[in-house]
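To start, the structure under review is shown below, and the notes come after it.
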Amino acid sequence: MGVSFELQDELQALQDTANYDIPNEQDPNSNDPGPLLQQAVGAIAHSSEEITDPEIFDIFRSLLKHSDAVAGAYMSKMLDALLSAFGAQIDAAIRDSKEEDQQIVMAHKLPLEMYAFLVNWFVGAAEKVKAMGEEDAPPAPVKARRGRGGKTGTSRAAVKKAEQWTWIDQIPGTLELVCKALKLKTHRIWVTSPERDAFITCLTRPAYHVAESDQYMKIQNIRMHVYKVICLAVKHHGHTLAAQINIMQSLQYYEHLSEPMAECLSILAKEFDHAQLGDEILREIAGKSFSAQDTKGPRAFSRFLVRFSEESPRSVLKQISLLIGHLDSESYPMRMAIVEVIGSLIRELATTGKELDGLFELLLSRTLDLSSYVRSKVFATLSKMLDLPLRLPEQRLRITRAAVDTLEDKASTVRKAAVSILVKLILTHPYGDMYGGDLNLGKWEERYNTWKDKLEEMEGGIGKAVESNVNEEDADEDEDVEMEMEDADANDDGDAPSDNPKPKKKKAARKSIVDVTAIVSEQEALAALETNEILAMSLRKKYCTEALDFVRTLEGGMVSLTQLLGSTNKAEVLESMEFFRVAFEYQLASAEKGIKRMLHLIWHKDNSSTSEDGKELKGVRSRLLECYRMLYFDPLPDMEPKQQVNRIAKNMIELTYEATLAELTSLEEMMRIMMEDGQIHYDVINKLWQVYSAPQALPRSQRRGAIIILGMLALSKRTIISEKVDTLLKIGLGPFGKADLTLARYTSLALQRLNGSAKKVKGSLLDKSLRMEMENPIFRKLQNTIEHPCRSKDWFGMAEQAINTIYALGEHPDELCNNLIKNLTRRAFTKRQNPEEPPSEPDTETMEVDREMEPPEAASHTPSSTYISTQQSSMSEEKDLGDVFHLSQLLFVVGHVAIKHIVFLELVEREWKRQKDEKQLGIANKETEELDQVAGNAEDEIGERIAAVRETELLYGEQSLLKLYGPLLVHVCGSPHKFKNRTLRAAATLSFSKFLCVSSQFCDQHHHLLFKILETSRDPNIRSNIVIALGDVAVSFSNIIDENSNELYKGLSDGDLVVKKNTLMVLTHLILNGMIKVKGQLGEMAKCLEDEEPRISDLAKLFFTELSTKDNAIYNNLPDVISHLSTGDHAVEEEIFKSTMRYIFSFIEKAAENIVEKLCQRFRLSEDPRQSRDIAFCLSLLPFKSERSVKKLIEGLQFYRDKLHEEGVFDRFSEILSKARSNKSANKPDTELNEFESSSRYSMNTDAKAKRTKPLKSALKARKQLRNGKLHDDVSFMSTP
């Protein structure tokens, strides 16, 4: 035992392994390590005390020092020997520790230290051995290439060798032995603390070393052994301070240890009853500060805090007052961690029912955090709390309000989190115990009012009951007094024996006592009962109040949620869709609007699935179909198949109620897709036909809805309509249709599906549409429906679709329309026999159909007031007059036939070209070149012929029927003083607009009249129709409208919203498609960007966004826009100008240098200070990233030098200067910019001084003139008579 070994010194020396001194060092590179190892292993196997032999100890040290040269098998053998001997030594030490003799126990000190030292060294060296073991395996097959037999053998040997040494499998056993060593009573073996601490450090260091590997810590067995080593050392051996230092270093340098160290401290607190270390670490973390630039450190500590708060919330709760300081940390990961920590504490305290208000307040305050990540984390944390069993009504309401307020957050992730928590709030709301869980506002208000009234009635009843009881008691007392007085009188008179009064008095007294007791007990029972009832009612009233607050808060956020459906962020849109689906199921009143708005997402282009945060997101369109299927089409459980079909059909019909044209168009696309996918069962289609053809009276909207849906489904499958044509003619174009013209209109629309819905390919001559003979009963029915006497304004919509159907299905629609126009002309111009009598009403028998259940809004079907207004006019004085409504009908049909005939001529042209093409293909093999030339000429001839028909024959041909009506329309439209009826004027103007689209000659002659009507008409509907019509005219004859485009722009300043919106939409279409040129009027479009009506401003923004994609369109018109908005009659307020230009300049990326030059030159012409400020503001919006743009600005100093005295102008140039400096490259000098700044300041000061001294100079000049007598002569001259 002559070895000299001090553990602390050896551990210190081991830090530099290469220079570690071993007295009897053996080099495995020169000597075979096998015999040496065998000698050492044999020695310690014989007796574990042999480790103290210097020679044996040095053999182990030598092998460990040169472990990279030692084979894995030897290392495995060495480890087994060391662990076995170490274990034997520990067992011996434990046995001897029971002895009272201190010397016997202390004899184990040196062997234990030496074994601990070797094991510690081995753990550090094992990594190198592992690497060598892996490298040793491949060379074996290389040697075996000489023969096949050897290959297999050596390969197996290599595998066996690899299996002989795998350090990862040895780690649990090694750490288990360390745990065993930590059970020693170290205070008996090591008397001094430094020696004991050195031994414990030597034992625990392997555990910390293993923990540094992410790969090892993923294995449960290894991880738990590491925890056990640390916990035992802390609990029994005073390792707390060292552990604290090691854990803090681990968190700082090893990110993967954040969560394992939290688990370790949790185990230490729970299983080893030692929470002090966790407290100390929390206090140390609370005292740390993290900068915003540091990312790694805060992330590791934040993960530790979150995990520790989940594992051991009580420990964190004790230190939360210190940790809360990190809510103001610069580093957002730390703020996120504290948010999650607070969430864990709330979940912990909620189980005990302790006060949570303070923590909730802290959490909700972070919804205003600067970082969007923190704001999102707040809602994610709050969402977890909603799963708690507690109701927490006040907190839920506060969460709901915070979420609704956050719906307007600028970050889409935060808005998505807010929508997500609103969905969770609805799904987990606590108001379903009494009334089934619906959240309908009307129902909850009714329930609240019911309980409120009952409570008031009960409280009032108690007051009356108490009053009556008091009165009864008073009456009883009065009776008793009277009886006593009577008895006293009787005794005074002496009429009765003295013994008689006593029994009477006793009876009276006894009776009185019994009555009082009964009354008191009855009152107490009644009061107790009524008190309980009042308490119950009060609680129910409070319950309803809380529910009402919750529902109203949700309803208040519906507008923002509806807007989120139009977001560009896919995840946000999907979350909003889910909200409306859930809200609709819970019967929230405004949810239906959101469900209808969702319909428009059917046109969303993105239908591919993507993943976000590990979750797969469906395409918007597929999610929309899924939502509607869940709400309206999926069968409900416990319902008969027949009832299922009825329910689905009813839902489909109800989707059409009060739907706008846009909603019906989107619904049509949805129905088409669902029908194509086979999601609509034929039983549902049959049920829709049953509803449509039901003989009994039904609500009109129900029958209409059935045919609307059937027409939509027929887009995908034509047979749905083709098999039921007779039903359509019998119902929709029969008595029901004549009584309900809207039904007839949708029936005509459904009949158009017989034509087929194959999309026309641009440039293709193929036409898959179906045409019918004109003798078909469909056309006769359509004509009868149009000619049927009627005075409802719904007739116009019906007639439009009926004519569309005739042109869609008929082979020769012009023949039928010819007769139709003649019949209507006869009716319109037939002399009315009895003008005093009202015009004929529709058939009373047919009008009774479906009238019983007509909703109130269908008042438009009542006879029109046109006759009355006509009768009161001057027309009643003359006898030779027709009916104004009949004339309106005629003019409407004439106009619509004209526009449909243009479309029909285009189809005829295509058909002729197709036939010609087929003929040419038939003889394609003969004379190919000549035929190509002939075919080309033939196509040109066909096009010219059709154009000639449209231009000269339709409105000017000798045989043309429409020729007669052009002058009539011009006369009616041009004589508003004669034709004052609004319906007539609207129909005439619409038809006149359609005539303008037919012939350029007619358009050239009469288009000014249309502009005049647009300018003078007081009817917004007429103005709106004209604006739309001008768009169609521009498509046909763009040069005519282009010359008068200024008139069209006037609609942008119209007082009516619809006219303004339609004008903006038409101009957007015409400008973006190049049909009219922008000639300085873009400023009027720019004004719409700041319109008060969101629909107008959104359309204007869409226009400029699309215009920015055109080559230099915004750049070329920018100077005109600035002038238009800055000066003159069209100028806008300065603030509106700024916000408008900010938006427009966001599209300016290129050619900034040229814009700088142009704007600088505009200063010369600006005399108004406001204009100078506006130009300077526009300059400040440019980026000035290039040197050239700065150079242009400096060169233009001469143009704006005299404007710099204006404070607003100089401030803008100061902004530009600072922007230019920040964008300048670091290696370029500031000389040029400094010179510019000094020149600018000099110009400003000089100009300002000149401005101040100008009045003084004028006064001095006047005084000088006066002194010279010049001014006096002038004055005397002027005063000379």
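Letters A, B, ... go to the chains of the structure tokens in the order shown; residues in each chain start at 1; ligands are counted from 1 in the same order.
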
For segment 418-434 of chain A: contacts at 7 Å, only C-alpha atoms, fewer than 2 positions along chain excluded, given as a PyMOL selection string:
chain A and resi 379+383+386+391+400+403+406-407+414-416+436-437+547+575-576+579+582

Could you jot down the atom CA of Arg597 of chain A to atom CA of Leu565 of chain A separation for me, Å, one decimal place?
7.7 Å

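Residue nearest Leu1217 of chain A within the list A:Leu1193, A:Leu969, A:Ile267, A:Ile324: A:Leu1193 [criterion: smallest interatomic distance, only C-alpha atoms].
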
Figure out the distance between atom CA of Asp726 of chain A and atom CA of Arg704 of chain A, please, to one decimal in Å.
17.1 Å

One decimal, in Å: what's the spacing between atom CA of Tyr20 of chain A and atom CA of Asp58 of chain A?
11.7 Å

Write out as JSON, numbers by chain the residues lying within 9 Å of Leu624 of chain A, counting only C-alpha atoms and excluding same-chain residues fewer than 2 positions away.
{"A": [574, 577, 598, 599, 601, 602, 619, 620, 621, 622, 626, 627, 628, 629]}

Output N, CA, C and O atoms for every residue in that selection, as a PDB file, in the first residue's frame.
```
ATOM      1  N   LEU A 574     -59.590  28.690 -42.433  1.00  0.00           N
ATOM      2  CA  LEU A 574     -60.112  27.379 -42.006  1.00  0.00           C
ATOM      3  C   LEU A 574     -60.630  27.439 -40.573  1.00  0.00           C
ATOM      4  O   LEU A 574     -61.670  26.846 -40.248  1.00  0.00           O
ATOM      5  N   MET A 577     -63.948  29.214 -40.540  1.00  0.00           N
ATOM      6  CA  MET A 577     -64.999  28.317 -41.039  1.00  0.00           C
ATOM      7  C   MET A 577     -65.459  27.359 -39.944  1.00  0.00           C
ATOM      8  O   MET A 577     -66.657  27.107 -39.779  1.00  0.00           O
ATOM      9  N   MET A 598     -69.533  32.077 -46.179  1.00  0.00           N
ATOM     10  CA  MET A 598     -68.595  31.000 -46.476  1.00  0.00           C
ATOM     11  C   MET A 598     -68.801  30.426 -47.873  1.00  0.00           C
ATOM     12  O   MET A 598     -67.869  29.909 -48.494  1.00  0.00           O
ATOM     13  N   LEU A 599     -70.025  30.502 -48.348  1.00  0.00           N
ATOM     14  CA  LEU A 599     -70.347  29.936 -49.666  1.00  0.00           C
ATOM     15  C   LEU A 599     -69.403  30.440 -50.752  1.00  0.00           C
ATOM     16  O   LEU A 599     -69.039  29.693 -51.661  1.00  0.00           O
ATOM     17  N   LEU A 601     -66.416  30.982 -50.710  1.00  0.00           N
ATOM     18  CA  LEU A 601     -65.098  30.331 -50.707  1.00  0.00           C
ATOM     19  C   LEU A 601     -65.054  29.147 -51.662  1.00  0.00           C
ATOM     20  O   LEU A 601     -63.993  28.545 -51.850  1.00  0.00           O
ATOM     21  N   ILE A 602     -66.195  28.800 -52.268  1.00  0.00           N
ATOM     22  CA  ILE A 602     -66.218  27.697 -53.235  1.00  0.00           C
ATOM     23  C   ILE A 602     -65.366  28.041 -54.460  1.00  0.00           C
ATOM     24  O   ILE A 602     -64.920  27.171 -55.194  1.00  0.00           O
ATOM     25  N   GLY A 619     -57.663  21.721 -47.943  1.00  0.00           N
ATOM     26  CA  GLY A 619     -57.893  22.829 -48.846  1.00  0.00           C
ATOM     27  C   GLY A 619     -59.151  23.573 -48.430  1.00  0.00           C
ATOM     28  O   GLY A 619     -60.061  22.990 -47.837  1.00  0.00           O
ATOM     29  N   VAL A 620     -59.218  24.866 -48.748  1.00  0.00           N
ATOM     30  CA  VAL A 620     -60.357  25.689 -48.325  1.00  0.00           C
ATOM     31  C   VAL A 620     -61.651  25.166 -48.929  1.00  0.00           C
ATOM     32  O   VAL A 620     -62.675  25.046 -48.250  1.00  0.00           O
ATOM     33  N   ARG A 621     -61.596  24.831 -50.216  1.00  0.00           N
ATOM     34  CA  ARG A 621     -62.826  24.384 -50.889  1.00  0.00           C
ATOM     35  C   ARG A 621     -63.315  23.054 -50.332  1.00  0.00           C
ATOM     36  O   ARG A 621     -64.509  22.869 -50.077  1.00  0.00           O
ATOM     37  N   SER A 622     -62.402  22.118 -50.134  1.00  0.00           N
ATOM     38  CA  SER A 622     -62.813  20.815 -49.606  1.00  0.00           C
ATOM     39  C   SER A 622     -63.324  20.943 -48.172  1.00  0.00           C
ATOM     40  O   SER A 622     -64.258  20.252 -47.764  1.00  0.00           O
ATOM     41  N   GLU A 626     -67.066  20.069 -46.761  1.00  0.00           N
ATOM     42  CA  GLU A 626     -67.201  19.224 -45.570  1.00  0.00           C
ATOM     43  C   GLU A 626     -68.102  19.894 -44.527  1.00  0.00           C
ATOM     44  O   GLU A 626     -68.966  19.245 -43.920  1.00  0.00           O
ATOM     45  N   CYS A 627     -67.916  21.206 -44.323  1.00  0.00           N
ATOM     46  CA  CYS A 627     -68.740  21.946 -43.356  1.00  0.00           C
ATOM     47  C   CYS A 627     -70.211  21.904 -43.752  1.00  0.00           C
ATOM     48  O   CYS A 627     -71.086  21.623 -42.920  1.00  0.00           O
ATOM     49  N   TYR A 628     -70.494  22.189 -45.008  1.00  0.00           N
ATOM     50  CA  TYR A 628     -71.891  22.188 -45.462  1.00  0.00           C
ATOM     51  C   TYR A 628     -72.494  20.789 -45.403  1.00  0.00           C
ATOM     52  O   TYR A 628     -73.668  20.627 -45.102  1.00  0.00           O
ATOM     53  N   ARG A 629     -71.667  19.800 -45.707  1.00  0.00           N
ATOM     54  CA  ARG A 629     -72.161  18.424 -45.626  1.00  0.00           C
ATOM     55  C   ARG A 629     -72.531  18.078 -44.191  1.00  0.00           C
ATOM     56  O   ARG A 629     -73.564  17.461 -43.924  1.00  0.00           O
TER      57      ARG A 629
END
```

All residues 12 Å or closer to Phe304 of chain A, only C-alpha atoms, same chain fewer than 2 positions away omitted, as a PyMOL selection string:
chain A and resi 247-248+250-252+254-266+278+281-282+285+297-302+306-312+316+333-334+337-338+340-341

Using only C-alpha atoms, which protein or nucleic acid residues come within 12 Å of Tyr216 of chain A? Drop anything in the same chain fewer than 5 positions from it, and give the result as an MDAnalysis selection string.
chainID A and resid 127 167:172 207:211 221:226 256:257 260

So that I can check the surroundings of Lys1077 of chain A, please list as a list in words every protein, DNA and RNA residue that reaches within 9 Å of it, counting only C-alpha atoms and ignoring chain neighbours fewer than 4 positions away.
Asp1042, Ser1045, Leu1070 and Ile1071 of chain A

Writing out the chosen residues with all heavy atoms as a PDB file, in the first residue's frame:
```
ATOM      1  N   ASP A1042     -64.594  55.492 -75.441  1.00  0.00           N
ATOM      2  CA  ASP A1042     -63.294  56.045 -75.056  1.00  0.00           C
ATOM      3  C   ASP A1042     -63.269  57.558 -75.228  1.00  0.00           C
ATOM      4  O   ASP A1042     -62.650  58.289 -74.441  1.00  0.00           O
ATOM      5  CB  ASP A1042     -62.199  55.389 -75.911  1.00  0.00           C
ATOM      6  CG  ASP A1042     -60.834  55.505 -75.245  1.00  0.00           C
ATOM      7  OD1 ASP A1042     -60.798  55.789 -74.033  1.00  0.00           O
ATOM      8  OD2 ASP A1042     -59.816  55.305 -75.925  1.00  0.00           O
ATOM      9  N   SER A1045     -65.237  59.026 -72.138  1.00  0.00           N
ATOM     10  CA  SER A1045     -65.012  58.340 -70.862  1.00  0.00           C
ATOM     11  C   SER A1045     -65.149  59.270 -69.665  1.00  0.00           C
ATOM     12  O   SER A1045     -65.457  58.831 -68.557  1.00  0.00           O
ATOM     13  CB  SER A1045     -63.635  57.672 -70.860  1.00  0.00           C
ATOM     14  OG  SER A1045     -62.636  58.637 -71.097  1.00  0.00           O
ATOM     15  N   LEU A1070     -63.053  47.722 -67.610  1.00  0.00           N
ATOM     16  CA  LEU A1070     -62.667  48.322 -68.886  1.00  0.00           C
ATOM     17  C   LEU A1070     -61.193  48.712 -68.919  1.00  0.00           C
ATOM     18  O   LEU A1070     -60.502  48.481 -69.914  1.00  0.00           O
ATOM     19  CB  LEU A1070     -63.535  49.560 -69.163  1.00  0.00           C
ATOM     20  CG  LEU A1070     -65.036  49.308 -69.363  1.00  0.00           C
ATOM     21  CD1 LEU A1070     -65.771  50.622 -69.555  1.00  0.00           C
ATOM     22  CD2 LEU A1070     -65.287  48.387 -70.547  1.00  0.00           C
ATOM     23  N   ILE A1071     -60.707  49.286 -67.814  1.00  0.00           N
ATOM     24  CA  ILE A1071     -59.303  49.737 -67.785  1.00  0.00           C
ATOM     25  C   ILE A1071     -58.352  48.543 -67.768  1.00  0.00           C
ATOM     26  O   ILE A1071     -57.371  48.494 -68.524  1.00  0.00           O
ATOM     27  CB  ILE A1071     -59.053  50.661 -66.570  1.00  0.00           C
ATOM     28  CG1 ILE A1071     -59.829  51.977 -66.736  1.00  0.00           C
ATOM     29  CG2 ILE A1071     -57.571  50.955 -66.415  1.00  0.00           C
ATOM     30  CD1 ILE A1071     -59.840  52.853 -65.491  1.00  0.00           C
TER      31      ILE A1071
END
```

Using only C-alpha atoms, which protein or nucleic acid residues come within 10 Å of Thr201 of chain A? Drop anything in the same chain fewer than 3 positions from it, and give the result as a ChimeraX atom specification.
/A:8,11,116,120,195-198,204-206,233,239,242-243

Every residue of segment 327-362 of chain A that DSSP places in helix (DSSP H, G or I), as an MDAnalysis selection string
chainID A and resid 327:328 332:350 357:362
